[in-house]
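One file, model-v8.cif, is given below (mmCIF, C-alpha atoms).
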data_structure
#
loop_
_atom_site.label_atom_id
_atom_site.label_comp_id
_atom_site.auth_asym_id
_atom_site.auth_seq_id
_atom_site.Cartn_x
_atom_site.Cartn_y
_atom_site.Cartn_z
CA MET A 5 -5.75 -7.02 -32.90
CA ARG A 6 -6.04 -7.65 -36.60
CA ALA A 7 -5.03 -10.31 -39.05
CA ASP A 8 -3.56 -9.25 -42.37
CA LEU A 9 -6.51 -8.56 -44.61
CA GLY A 10 -6.39 -7.19 -48.10
CA PRO A 11 -7.04 -3.46 -48.61
CA PRO A 12 -10.74 -2.56 -48.73
CA SER A 13 -12.08 -1.66 -52.13
CA GLY A 14 -11.66 2.01 -53.01
CA LEU A 15 -8.87 2.76 -50.53
CA LEU A 16 -5.25 3.37 -51.37
CA PRO A 17 -2.75 1.11 -49.51
CA GLU A 18 -1.50 3.96 -47.34
CA GLU A 19 -5.09 4.96 -46.49
CA ASP A 20 -5.93 1.40 -45.62
CA ASP A 21 -2.82 1.12 -43.46
CA ALA A 22 -3.73 4.31 -41.59
CA ARG A 23 -7.26 3.01 -41.02
CA LEU A 24 -5.99 -0.30 -39.67
CA ARG A 25 -3.48 1.44 -37.41
CA ARG A 26 -6.28 3.53 -35.93
CA ALA A 27 -8.29 0.35 -35.36
CA ASP A 28 -5.28 -1.26 -33.69
CA ARG A 29 -4.89 1.70 -31.35
CA ALA A 30 -8.56 1.52 -30.46
CA PHE A 31 -8.22 -2.19 -29.62
CA VAL A 32 -5.17 -1.46 -27.47
CA ARG A 33 -7.03 1.25 -25.56
CA GLY A 34 -9.88 -1.20 -25.06
CA ALA A 35 -7.45 -3.77 -23.68
CA TRP A 36 -6.09 -1.27 -21.14
CA VAL A 37 -9.65 -0.39 -20.17
CA ALA A 38 -10.33 -4.10 -19.65
CA TRP A 39 -7.38 -4.35 -17.25
CA GLY A 40 -8.65 -1.30 -15.37
CA VAL A 41 -12.15 -2.73 -15.10
CA PHE A 42 -10.69 -6.03 -13.93
CA ALA A 43 -8.74 -4.31 -11.15
CA VAL A 44 -11.66 -2.15 -10.02
CA ALA A 45 -14.16 -5.01 -10.12
CA THR A 46 -11.83 -7.35 -8.23
CA GLY A 47 -11.23 -4.78 -5.52
CA ALA A 48 -14.94 -3.98 -5.24
CA VAL A 49 -15.99 -7.61 -5.01
CA SER A 50 -13.32 -8.33 -2.42
CA ALA A 51 -14.34 -5.38 -0.27
CA LEU A 52 -18.10 -5.93 -0.57
CA THR A 53 -17.97 -9.65 0.21
CA GLY A 54 -15.94 -9.13 3.37
CA LEU A 55 -12.83 -10.84 1.98
CA ASP A 56 -14.39 -14.20 2.73
CA ARG A 57 -12.17 -16.05 0.24
CA THR A 58 -8.86 -14.31 0.74
CA VAL A 59 -5.57 -16.07 1.37
CA ALA A 60 -3.73 -12.79 1.83
CA HIS A 61 -4.35 -13.01 5.58
CA ASN A 62 -1.41 -15.45 5.61
CA PHE A 63 0.85 -12.72 4.21
CA ARG A 64 -0.55 -10.10 6.58
CA GLU A 65 -0.12 -12.26 9.66
CA ALA A 66 3.43 -13.18 8.67
CA SER A 67 4.32 -9.51 8.09
CA LEU A 68 2.90 -8.43 11.44
CA GLN A 69 4.63 -11.30 13.22
CA TRP A 70 7.91 -10.30 11.59
CA TRP A 71 7.82 -6.81 13.04
CA ALA A 72 6.66 -8.20 16.41
CA ARG A 73 9.58 -10.68 16.27
CA GLY A 74 7.20 -13.61 16.36
CA ASP A 75 7.47 -16.86 14.40
CA ILE A 76 6.03 -16.19 10.96
CA TYR A 77 5.54 -19.86 10.02
CA GLY A 78 3.22 -20.90 12.84
CA ASP A 79 2.77 -24.66 13.25
CA LEU A 80 5.67 -26.23 11.37
CA ARG A 81 3.77 -29.51 11.07
CA ASN A 82 0.91 -27.86 9.17
CA ILE A 83 1.25 -28.00 5.38
CA GLY A 84 -0.76 -24.78 5.04
CA GLY A 85 -0.16 -21.20 6.11
CA PHE A 86 2.75 -18.99 5.07
CA LEU A 87 4.91 -20.97 2.62
CA TYR A 88 7.32 -18.33 1.34
CA PHE A 89 10.74 -16.99 2.20
CA PRO A 90 10.97 -14.45 5.06
CA GLN A 91 11.63 -11.75 2.46
CA ALA A 92 8.04 -12.06 1.27
CA ALA A 93 6.77 -11.16 4.73
CA VAL A 94 8.95 -8.05 4.77
CA LEU A 95 7.99 -6.99 1.24
CA TRP A 96 4.28 -7.42 2.01
CA SER A 97 4.53 -5.10 5.02
CA PRO A 98 3.16 -1.94 3.32
CA PHE A 99 -0.09 -3.80 2.64
CA ALA A 100 -0.17 -5.26 6.16
CA TRP A 101 0.13 -1.79 7.71
CA MET A 102 -2.94 -0.54 5.86
CA PRO A 103 -6.47 -1.10 7.15
CA VAL A 104 -7.36 -4.69 6.31
CA VAL A 105 -9.82 -4.02 3.49
CA VAL A 106 -7.67 -1.25 2.00
CA GLY A 107 -4.55 -3.43 2.12
CA GLU A 108 -6.30 -6.32 0.40
CA VAL A 109 -7.75 -4.11 -2.34
CA VAL A 110 -4.47 -2.29 -2.98
CA TRP A 111 -2.58 -5.62 -3.03
CA ARG A 112 -4.89 -6.95 -5.71
CA ALA A 113 -4.67 -3.75 -7.73
CA ALA A 114 -0.87 -3.78 -7.58
CA SER A 115 -0.74 -7.44 -8.64
CA ILE A 116 -3.10 -6.86 -11.57
CA ALA A 117 -1.12 -3.79 -12.66
CA LEU A 118 2.06 -5.88 -12.70
CA LEU A 119 0.36 -8.61 -14.72
CA ALA A 120 -1.04 -6.08 -17.20
CA SER A 121 2.43 -4.56 -17.62
CA SER A 122 3.92 -7.99 -18.25
CA ALA A 123 1.22 -8.76 -20.82
CA TRP A 124 2.06 -5.53 -22.65
CA ARG A 125 5.80 -6.26 -22.59
CA LEU A 126 5.38 -9.86 -23.74
CA SER A 127 3.00 -8.87 -26.52
CA ARG A 128 5.83 -6.83 -28.05
CA LEU A 129 7.63 -10.15 -28.58
CA ALA A 130 4.65 -11.56 -30.49
CA SER A 131 4.24 -8.61 -32.85
CA PRO A 132 5.63 -9.33 -36.32
CA ARG A 133 5.92 -5.60 -37.11
CA PRO A 134 4.63 -2.22 -35.95
CA GLY A 135 0.90 -1.89 -36.44
CA ALA A 136 -0.03 -5.50 -35.69
CA GLU A 137 -1.18 -5.46 -32.08
CA PRO A 138 -1.27 -8.78 -30.19
CA PHE A 139 -1.88 -7.08 -26.82
CA PRO A 140 -5.71 -7.17 -27.02
CA LEU A 141 -5.70 -10.89 -27.78
CA VAL A 142 -3.17 -11.58 -25.00
CA THR A 143 -5.39 -9.57 -22.65
CA LEU A 144 -8.51 -11.45 -23.72
CA LEU A 145 -6.83 -14.79 -23.02
CA LEU A 146 -4.98 -13.82 -19.86
CA ILE A 147 -7.59 -12.07 -17.73
CA PRO A 148 -9.89 -15.11 -17.37
CA THR A 149 -6.99 -17.24 -16.13
CA ALA A 150 -6.23 -14.58 -13.49
CA LEU A 151 -9.75 -14.21 -12.10
CA GLY A 152 -9.48 -16.80 -9.34
CA SER A 153 -6.04 -15.82 -8.10
CA ALA A 154 -7.03 -12.16 -8.08
CA ARG A 155 -10.25 -12.91 -6.22
CA ASN A 156 -8.32 -14.84 -3.55
CA GLY A 157 -5.47 -12.35 -3.28
CA GLN A 158 -2.84 -14.97 -4.11
CA MET A 159 0.83 -14.33 -4.79
CA ASN A 160 0.49 -15.98 -8.21
CA LEU A 161 -0.24 -12.81 -10.18
CA ALA A 162 2.83 -10.90 -8.98
CA PHE A 163 5.00 -14.01 -9.31
CA SER A 164 3.78 -14.71 -12.84
CA ALA A 165 4.22 -11.07 -13.86
CA MET A 166 7.78 -10.82 -12.56
CA MET A 167 8.89 -13.95 -14.43
CA ALA A 168 7.29 -12.60 -17.61
CA LEU A 169 8.90 -9.19 -17.17
CA ALA A 170 12.29 -10.87 -16.69
CA CYS A 171 11.91 -12.75 -19.98
CA ALA A 172 10.79 -9.59 -21.78
CA ASP A 173 14.00 -7.92 -20.58
CA LEU A 174 16.05 -10.93 -21.66
CA ALA A 175 14.67 -10.53 -25.17
CA ARG A 176 15.95 -6.95 -25.19
CA GLU A 177 19.27 -8.01 -23.63
CA GLN A 178 18.57 -5.98 -20.52
CA TRP A 179 20.50 -8.47 -18.42
CA LYS A 180 20.64 -6.56 -15.13
CA ARG A 181 16.97 -5.67 -15.20
CA ALA A 182 16.07 -9.30 -15.94
CA ALA A 183 18.22 -10.41 -13.00
CA ALA A 184 16.51 -7.85 -10.77
CA TRP A 185 13.07 -9.16 -11.70
CA LEU A 186 14.15 -12.76 -11.11
CA SER A 187 15.69 -11.88 -7.76
CA LEU A 188 12.54 -10.07 -6.67
CA ALA A 189 10.38 -12.97 -7.84
CA MET A 190 12.58 -15.35 -5.86
CA ALA A 191 12.04 -13.22 -2.76
CA LEU A 192 8.29 -13.66 -3.24
CA LYS A 193 8.14 -17.30 -4.24
CA PRO A 194 10.80 -20.06 -4.17
CA LEU A 195 9.45 -21.59 -7.39
CA THR A 196 11.30 -18.90 -9.36
CA LEU A 197 14.39 -21.07 -8.96
CA ALA A 198 13.41 -23.12 -12.03
CA LEU A 199 13.53 -20.15 -14.42
CA LEU A 200 16.49 -18.58 -12.64
CA LEU A 201 18.66 -21.68 -13.06
CA ILE A 202 17.68 -22.09 -16.72
CA VAL A 203 18.56 -18.48 -17.49
CA ALA A 204 21.85 -18.73 -15.60
CA ALA A 205 22.79 -21.84 -17.58
CA LEU A 206 21.82 -20.37 -20.96
CA ARG A 207 23.55 -17.02 -20.50
CA PRO A 208 26.17 -17.63 -17.80
CA ARG A 209 28.52 -14.76 -18.63
CA ARG A 210 25.72 -12.23 -18.87
CA MET A 211 23.49 -13.42 -16.05
CA ILE A 212 25.44 -15.24 -13.33
CA PRO A 213 27.20 -12.13 -11.90
CA SER A 214 23.94 -10.16 -11.74
CA LEU A 215 21.96 -13.11 -10.40
CA ALA A 216 24.61 -13.76 -7.76
CA ALA A 217 24.48 -10.13 -6.68
CA GLY A 218 20.70 -10.26 -6.63
CA ALA A 219 20.67 -13.46 -4.58
CA ALA A 220 23.10 -11.97 -2.08
CA ALA A 221 20.94 -8.84 -1.76
CA VAL A 222 17.78 -10.90 -1.30
CA LEU A 223 19.45 -13.12 1.29
CA ALA A 224 20.79 -10.17 3.28
CA PHE A 225 17.73 -7.96 2.92
CA PRO A 226 15.91 -9.18 6.08
CA LEU A 227 18.97 -8.28 8.16
CA LEU A 228 18.18 -4.62 7.50
CA THR A 229 14.90 -5.01 9.35
CA ALA A 230 15.56 -7.48 12.21
CA PRO A 231 18.35 -8.80 14.47
CA PRO A 232 20.55 -11.54 12.95
CA ALA A 233 19.52 -14.16 15.55
CA TYR A 234 15.84 -13.65 14.77
CA VAL A 235 16.44 -13.75 11.01
CA LEU A 236 18.42 -16.97 11.33
CA ARG A 237 15.63 -18.57 13.35
CA GLN A 238 13.06 -17.68 10.68
CA TYR A 239 15.31 -19.08 7.94
CA THR A 240 15.63 -22.32 9.90
CA GLN A 241 11.87 -22.55 10.36
CA CYS A 242 11.37 -21.74 6.68
CA VAL A 243 13.43 -24.79 5.67
CA GLU A 244 11.50 -27.02 8.05
CA LYS A 245 8.13 -25.67 6.95
CA LEU A 246 8.88 -26.07 3.24
CA ARG A 247 10.22 -29.56 3.82
CA THR A 248 6.86 -30.52 5.32
CA ALA A 249 4.82 -28.68 2.70
CA ILE A 250 6.41 -30.26 -0.39
CA ASP A 251 5.01 -33.71 0.46
CA PRO A 252 1.24 -33.19 0.83
CA PRO A 253 -1.31 -36.01 0.88
CA PRO A 254 -2.47 -37.20 -2.58
CA GLY A 255 -5.68 -35.97 -4.11
CA LEU A 256 -5.31 -32.29 -3.19
CA TYR A 257 -3.24 -30.67 -5.93
CA SER A 258 -3.16 -30.38 -9.71
CA SER A 259 0.42 -31.27 -10.65
CA LEU A 260 1.50 -33.95 -13.12
CA TRP A 261 0.83 -36.60 -10.50
CA ALA A 262 -2.88 -35.76 -10.44
CA ILE A 263 -3.21 -37.55 -13.79
CA PRO A 264 -2.30 -41.04 -12.49
CA GLU A 265 -4.11 -40.25 -9.23
CA SER A 266 -7.31 -39.75 -11.25
CA LEU A 267 -6.87 -43.38 -12.33
CA GLY A 268 -6.26 -44.60 -8.78
CA VAL A 269 -2.44 -44.71 -9.00
CA VAL A 270 -0.57 -42.80 -6.29
CA THR A 271 3.07 -41.98 -7.12
CA PRO A 272 5.51 -42.21 -4.18
CA HIS A 273 7.32 -38.98 -3.38
CA PRO A 274 10.82 -40.42 -4.04
CA VAL A 275 9.68 -41.39 -7.55
CA MET A 276 8.29 -37.90 -8.09
CA SER A 277 11.63 -36.39 -7.11
CA LYS A 278 13.62 -38.62 -9.47
CA VAL A 279 11.32 -37.92 -12.41
CA ALA A 280 11.43 -34.18 -11.68
CA ALA A 281 15.24 -34.27 -11.62
CA VAL A 282 15.44 -36.04 -14.99
CA CYS A 283 12.85 -33.70 -16.53
CA SER A 284 14.75 -30.66 -15.26
CA LEU A 285 17.61 -31.66 -17.57
CA ALA A 286 15.14 -32.10 -20.41
CA ALA A 287 13.70 -28.65 -19.67
CA LEU A 288 17.18 -27.14 -19.78
CA GLY A 289 17.93 -28.81 -23.11
CA LEU A 290 14.61 -27.70 -24.59
CA SER A 291 15.20 -24.14 -23.39
CA TRP A 292 18.65 -24.06 -25.00
CA LEU A 293 17.29 -25.35 -28.30
CA ALA A 294 14.32 -22.97 -28.28
CA TRP A 295 16.52 -19.94 -27.63
CA LYS A 296 18.91 -21.01 -30.39
CA ARG A 297 16.23 -21.74 -32.97
CA LEU A 298 13.74 -18.94 -32.25
CA GLY A 299 16.17 -16.07 -31.89
CA ARG A 300 16.59 -13.33 -29.36
CA ASP A 301 12.97 -12.16 -29.30
CA ARG A 302 10.94 -15.36 -29.28
CA GLY A 303 13.59 -17.54 -27.59
CA PRO A 304 13.09 -16.06 -24.09
CA LEU A 305 9.33 -16.32 -24.57
CA ALA A 306 9.67 -20.05 -25.22
CA VAL A 307 12.01 -20.35 -22.22
CA LEU A 308 9.32 -18.74 -20.06
CA GLY A 309 6.88 -21.35 -21.34
CA VAL A 310 9.27 -24.21 -20.58
CA ALA A 311 10.00 -22.99 -17.04
CA ALA A 312 6.34 -22.29 -16.26
CA ALA A 313 5.27 -25.69 -17.59
CA TYR A 314 7.94 -27.39 -15.49
CA ILE A 315 6.82 -25.52 -12.37
CA MET A 316 3.17 -26.43 -12.96
CA LEU A 317 3.87 -30.10 -13.57
CA PHE A 318 6.45 -30.80 -10.87
CA ASN A 319 5.52 -28.49 -8.01
CA SER A 320 3.72 -30.87 -5.66
CA ARG A 321 1.48 -28.02 -4.46
CA THR A 322 0.22 -26.74 -7.82
CA GLU A 323 -3.41 -25.69 -7.48
CA GLY A 324 -5.86 -25.04 -10.29
CA LEU A 325 -5.51 -21.28 -9.83
CA THR A 326 -1.71 -21.54 -9.97
CA TYR A 327 -1.93 -22.09 -13.73
CA VAL A 328 -2.08 -18.31 -14.22
CA VAL A 329 1.72 -18.66 -14.04
CA LEU A 330 1.64 -20.63 -17.30
CA ALA A 331 -0.96 -18.46 -19.03
CA PRO A 332 1.24 -15.49 -20.12
CA ALA A 333 3.49 -17.71 -22.21
CA VAL A 334 0.58 -19.65 -23.74
CA ALA A 335 -1.43 -16.51 -24.51
CA THR A 336 1.52 -14.68 -26.06
CA LEU A 337 2.55 -17.63 -28.21
CA ALA A 338 -1.08 -17.98 -29.33
CA ALA A 339 -0.99 -14.34 -30.44
CA TRP A 340 2.34 -14.89 -32.19
CA GLU A 341 1.01 -17.92 -34.08
CA TRP A 342 -2.08 -15.96 -35.08
CA PHE A 343 -0.46 -12.72 -36.19
CA ALA A 344 3.10 -13.62 -37.16
CA THR A 345 3.09 -17.15 -38.52
CA GLY A 346 -0.43 -17.53 -39.86
CA ARG A 347 -0.72 -21.00 -38.35
CA ARG A 348 -4.29 -20.48 -37.24
CA ALA A 349 -4.91 -24.11 -36.27
CA VAL A 350 -1.94 -24.02 -33.89
CA ALA A 351 -3.11 -20.67 -32.52
CA ALA A 352 -6.57 -22.16 -31.98
CA MET A 353 -5.03 -25.04 -30.01
CA LEU A 354 -3.17 -22.60 -27.76
CA ILE A 355 -6.30 -20.50 -27.33
CA GLY A 356 -8.10 -23.68 -26.32
CA ILE A 357 -5.41 -24.39 -23.73
CA CYS A 358 -5.95 -20.91 -22.26
CA VAL A 359 -9.69 -21.56 -22.09
CA ILE A 360 -9.09 -24.82 -20.23
CA LEU A 361 -6.61 -23.19 -17.84
CA ALA A 362 -9.28 -20.62 -17.01
CA PHE A 363 -12.42 -22.75 -17.00
CA SER A 364 -11.41 -26.37 -16.36
CA ARG A 365 -13.89 -26.75 -13.51
CA ASN A 366 -16.69 -25.09 -15.47
CA LEU A 367 -16.09 -27.30 -18.50
CA ILE A 368 -16.17 -30.77 -16.91
CA GLY A 369 -16.76 -30.22 -13.20
CA PRO A 370 -14.30 -30.55 -10.30
CA ASN A 371 -11.11 -32.24 -11.43
CA LEU A 372 -7.36 -32.11 -10.87
CA TRP A 373 -6.11 -33.76 -14.05
CA LEU A 374 -7.25 -31.59 -16.98
CA ARG A 375 -4.93 -28.62 -16.50
CA PRO A 376 -1.76 -30.75 -16.17
CA THR A 377 -2.89 -32.70 -19.23
CA VAL A 378 -3.10 -29.59 -21.43
CA THR A 379 0.20 -28.41 -19.92
CA LEU A 380 1.76 -31.58 -21.32
CA MET A 381 0.21 -30.66 -24.67
CA PHE A 382 1.80 -27.22 -24.43
CA ALA A 383 5.16 -28.80 -23.60
CA GLY A 384 4.76 -30.92 -26.73
CA TYR A 385 4.06 -27.79 -28.76
CA LEU A 386 7.22 -26.12 -27.41
CA THR A 387 9.23 -29.22 -28.27
CA ALA A 388 7.91 -29.29 -31.83
CA LEU A 389 8.51 -25.55 -32.20
CA ALA A 390 12.11 -25.77 -31.00
CA ALA A 391 12.84 -28.86 -33.08
CA ARG A 392 12.06 -27.23 -36.41
CA PRO A 393 15.21 -27.02 -38.56
CA PRO A 394 16.70 -23.50 -38.86
CA ARG A 395 15.77 -23.31 -42.53
CA GLU A 396 12.12 -23.79 -41.55
CA ARG A 397 11.98 -20.98 -39.00
CA LEU A 398 8.60 -19.35 -38.96
CA VAL A 399 7.93 -15.82 -40.13
CA GLY A 400 8.72 -13.37 -37.36
CA ALA A 401 11.01 -15.75 -35.51
CA GLU A 402 14.15 -13.78 -36.21
CA GLY A 403 15.05 -11.33 -33.45
#

Could you take the file, read its structure, and then write that structure out as structure tokens?
Amino acid sequence: MRADLGPPSGLLPEEDDARLRRADRAFVRGAWVAWGVFAVATGAVSALTGLDRTVAHNFREASLQWWARGDIYGDLRNIGGFLYFPQAAVLWSPFAWMPVVVGEVVWRAASIALLASSAWRLSRLASPRPGAEPFPLVTLLLIPTALGSARNGQMNLAFSAMMALACADLAREQWKRAAAWLSLAMALKPLTLALLLIVAALRPRRMIPSLAAGAAAVLAFPLLTAPPAYVLRQYTQCVEKLRTAIDPPPGLYSSLWAIPESLGVVTPHPVMSKVAAVCSLAALGLSWLAWKRLGRDRGPLAVLGVAAAYIMLFNSRTEGLTYVVLAPAVATLAAWEWFATGRRAVAAMLIGICVILAFSRNLIGPNLWLRPTVTLMFAGYLTALAARPPRERLVGAEG
């Protein structure tokens, strides 16, 4: 976690390099320790407080209902409850079969482990060369944004990690592994569709066959565990439940529309849908340009940022804690700007965005508008980054 400093007086360059490499390794070990402490502390707090703030009971109840052949979506007129595909209920079953406290603690530990792994993989994309370690900085920025979701046992950590792992594999041209991560993320949370469609459009020959196979496997997976008639009924109820949930009352969520709502202007749902459709084309265009301009390594990282920003702004049910989905891309690009490009002012801006994503409520009190506002700032940064002429590519941008 070092910037490039000149060699200390009295040391040969190779001695100085060895010293700095040892320091880098120590920082990396410290970052892994921080993830371990985060997981242990989260599990301990959850167990000791009686899981009073958990939302994982929705997953547990859905899983148990699945195996009992009950309706996993409950009251279809209620905008709360289990709001995922049936596959998520099946995949969560191992945690549901454990004693309640054990299942909740293990679920949180598994989610944090996935997020830590994704942070490590993404940090490789921000490193300008061996020996410069962005992972500690990415860790420092990412853990605070994950605190709330981890405390509540939300699906956000696993969802965020799987999208990040998919983009890390895209950067290494591991097309099938990237498709597998995206398919698994889709099974957990429908919002993955935004990134999945962008990736399919950008690399159709490489990705569409694998994504199609993954989608077919995900769609058929529940049939291995339940009769077809029951599975079909749950799919039907899923569509009805999600149709109700995507149009919540104003003043509850922290999407783009919270900004005009803070000024007393409520945006009708049909207008939201039209704006989201237009902006999806803009997101696709920005993703294409970013991948082309930033190269194989940093291009997928920017695409992750575009997709995550789009999800945060246009998902009508974005909560404050959901912004952990955006944080991996912001944190990694902040590390890249700091270590690879030397644009410290830009890095400071991105670090500031991470701080706001983590502590918006602490900074200015309860609000719904600040996180989407800084997400718009991040989208502007991605646009400026992708729009730079090829001859002005930043150091470290070539993959």

Could you pull the residues within 8 Å of range 77-91 of chain A, counting all atoms listed in the file, minus those fewer than 2 positions along the same chain, as a PDB file with C-alpha atoms, in the frame of the given file?
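The resulting file, around-v7.pdb, is reproduced below:
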ATOM      1  CA  ASN A  62      -1.410 -15.450   5.610  1.00  0.00           C
ATOM      2  CA  PHE A  63       0.850 -12.720   4.210  1.00  0.00           C
ATOM      3  CA  ALA A  66       3.430 -13.180   8.670  1.00  0.00           C
ATOM      4  CA  ASP A  75       7.470 -16.860  14.400  1.00  0.00           C
ATOM      5  CA  ALA A  93       6.770 -11.160   4.730  1.00  0.00           C
ATOM      6  CA  VAL A  94       8.950  -8.050   4.770  1.00  0.00           C
ATOM      7  CA  LEU A  95       7.990  -6.990   1.240  1.00  0.00           C
ATOM      8  CA  ALA A 191      12.040 -13.220  -2.760  1.00  0.00           C
ATOM      9  CA  LEU A 192       8.290 -13.660  -3.240  1.00  0.00           C
ATOM     10  CA  LYS A 193       8.140 -17.300  -4.240  1.00  0.00           C
ATOM     11  CA  PRO A 194      10.800 -20.060  -4.170  1.00  0.00           C
ATOM     12  CA  VAL A 222      17.780 -10.900  -1.300  1.00  0.00           C
ATOM     13  CA  PHE A 225      17.730  -7.960   2.920  1.00  0.00           C
ATOM     14  CA  PRO A 226      15.910  -9.180   6.080  1.00  0.00           C
ATOM     15  CA  GLN A 238      13.060 -17.680  10.680  1.00  0.00           C
ATOM     16  CA  TYR A 239      15.310 -19.080   7.940  1.00  0.00           C
ATOM     17  CA  GLN A 241      11.870 -22.550  10.360  1.00  0.00           C
ATOM     18  CA  CYS A 242      11.370 -21.740   6.680  1.00  0.00           C
ATOM     19  CA  GLU A 244      11.500 -27.020   8.050  1.00  0.00           C
ATOM     20  CA  LYS A 245       8.130 -25.670   6.950  1.00  0.00           C
ATOM     21  CA  LEU A 246       8.880 -26.070   3.240  1.00  0.00           C
ATOM     22  CA  THR A 248       6.860 -30.520   5.320  1.00  0.00           C
ATOM     23  CA  ALA A 249       4.820 -28.680   2.700  1.00  0.00           C
ATOM     24  CA  PRO A 252       1.240 -33.190   0.830  1.00  0.00           C
TER      25      PRO A 252
END

Decode the PyMOL selection byres ((chain A and resi 374-385) around 6) for the given file into explicit residues and return them as a PDB file with C-alpha atoms, in the frame of the given file.
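This went into selection.pdb:
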ATOM      1  CA  SER A 259       0.420 -31.270 -10.650  1.00  0.00           C
ATOM      2  CA  LEU A 260       1.500 -33.950 -13.120  1.00  0.00           C
ATOM      3  CA  LEU A 361      -6.610 -23.190 -17.840  1.00  0.00           C
ATOM      4  CA  TRP A 373      -6.110 -33.760 -14.050  1.00  0.00           C
ATOM      5  CA  LEU A 386       7.220 -26.120 -27.410  1.00  0.00           C
ATOM      6  CA  THR A 387       9.230 -29.220 -28.270  1.00  0.00           C
ATOM      7  CA  ALA A 388       7.910 -29.290 -31.830  1.00  0.00           C
TER       8      ALA A 388
END

So, counting all atoms listed in the file, which residue among A:Ala233, A:Leu174, A:Ala362, A:Leu389 is closest to Val350 in chain A? A:Leu389

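Proximity of A:Leu367, A:Ala72, A:Leu215, A:Ala313 to Thr326 in chain A, computed with all atoms listed in the file, is greatest for A:Ala313.
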
Out of A:Ala287, A:Arg392, A:Gly107, A:Arg112, which residue has the shortest atom-to-atom distance to Gly152 in chain A when counting all atoms listed in the file?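 Between A:Ala287, A:Arg392, A:Gly107, A:Arg112, the residue approaching Gly152 in chain A most closely is A:Arg112.
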
Closest atom pairs, range 296-384 of chain A residues within 10 Å of range 264-282 of chain A, only C-alpha atoms, as a Markdown table:
| residue | atom | partner | partner_atom | distance |
| --- | --- | --- | --- | --- |
| A:Tyr314 | CA | A:Ala280 | CA | 8.5 |
| A:Ile315 | CA | A:Ala280 | CA | 9.8 |
| A:Leu317 | CA | A:Ala280 | CA | 8.8 |
| A:Phe318 | CA | A:Ala280 | CA | 6.1 |
| A:Asn319 | CA | A:Ala280 | CA | 9.0 |
| A:Ser320 | CA | A:Met276 | CA | 8.7 |
| A:Asn371 | CA | A:Ser266 | CA | 8.4 |
| A:Leu372 | CA | A:Ser266 | CA | 7.6 |
| A:Trp373 | CA | A:Ser266 | CA | 6.7 |
| A:Leu374 | CA | A:Ser266 | CA | 10.0 |

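Across A:Leu256, A:Leu161, A:Ala43, A:Ala220, the tightest approach to Arg321 in chain A is made by A:Leu256 when counting all atoms listed in the file.
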
Point (20.5, -22.5, -19.9), cut-off 10 Å, counting only C-alpha atoms, residues as JSON, numbers by chain: {"A": [199, 200, 201, 202, 203, 204, 205, 206, 207, 208, 285, 287, 288, 289, 290, 291, 292, 293, 295, 307]}

Starting from the displayed file, determine the output of the PyMOL selection byres ((chain A and resi 175) around 9) and express the residue list as a ChimeraX atom specification. /A:129,170-174,176-178,299-305,403

d(CA of Phe343 in chain A, CA of Ile360 in chain A) in Å: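 That distance, rounded to one decimal, is 21.8 Å.
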
Report the distance between CA of Ala123 in chain A and CA of Thr46 in chain A in Å, rounded to one decimal place.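 According to the coordinates, CA of Ala123 in chain A and CA of Thr46 in chain A are separated by 18.2 Å.
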
Got a sec to resolve the PyMOL selection byres ((chain A and resi 147-149) around 12) on this structure and send the residues as an NGL selection string? :A and (35-36 or 38-43 or 46 or 116-117 or 119-120 or 123 or 139-146 or 150-155 or 160-161 or 164 or 324-332 or 334-335 or 355 or 357-364 or 375)

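Nearest-residue note for Ser127 in chain A: choosing from A:Leu52, A:Ala168, A:Ala219, A:Trp71, the minimum distance belongs to A:Ala168, counting only C-alpha atoms.
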
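Note that the spacing between CA of Leu186 in chain A and CA of Glu65 in chain A amounts to 25.2 Å.
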
Taking only C-alpha atoms into account, which of A:Gly309, A:Pro98, A:Gly255, A:Gly369 comes nearest Leu354 in chain A?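 Checking each candidate against Leu354 in chain A, we get A:Gly309 as the closest.
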
Could you give me range 141-147 of chain A completed to N, CA and C atoms, formatted as a compact mmCIF listing (two decimals), in the coordinates of the input?
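Written out: part22.txt:
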# COMPACT_ATOMS: atom_id res chain seq x y z
N LEU A 141 -5.46 -9.46 -27.84
CA LEU A 141 -5.70 -10.89 -27.78
C LEU A 141 -5.06 -11.50 -26.54
N VAL A 142 -3.83 -11.09 -26.22
CA VAL A 142 -3.17 -11.58 -25.00
C VAL A 142 -4.01 -11.22 -23.78
N THR A 143 -4.53 -10.01 -23.76
CA THR A 143 -5.39 -9.57 -22.65
C THR A 143 -6.63 -10.44 -22.55
N LEU A 144 -7.27 -10.66 -23.68
CA LEU A 144 -8.51 -11.45 -23.72
C LEU A 144 -8.29 -12.87 -23.19
N LEU A 145 -7.12 -13.43 -23.46
CA LEU A 145 -6.83 -14.79 -23.02
C LEU A 145 -6.33 -14.84 -21.58
N LEU A 146 -5.65 -13.78 -21.15
CA LEU A 146 -4.98 -13.82 -19.86
C LEU A 146 -5.89 -13.47 -18.69
N ILE A 147 -6.76 -12.49 -18.86
CA ILE A 147 -7.59 -12.07 -17.73
C ILE A 147 -8.43 -13.21 -17.16
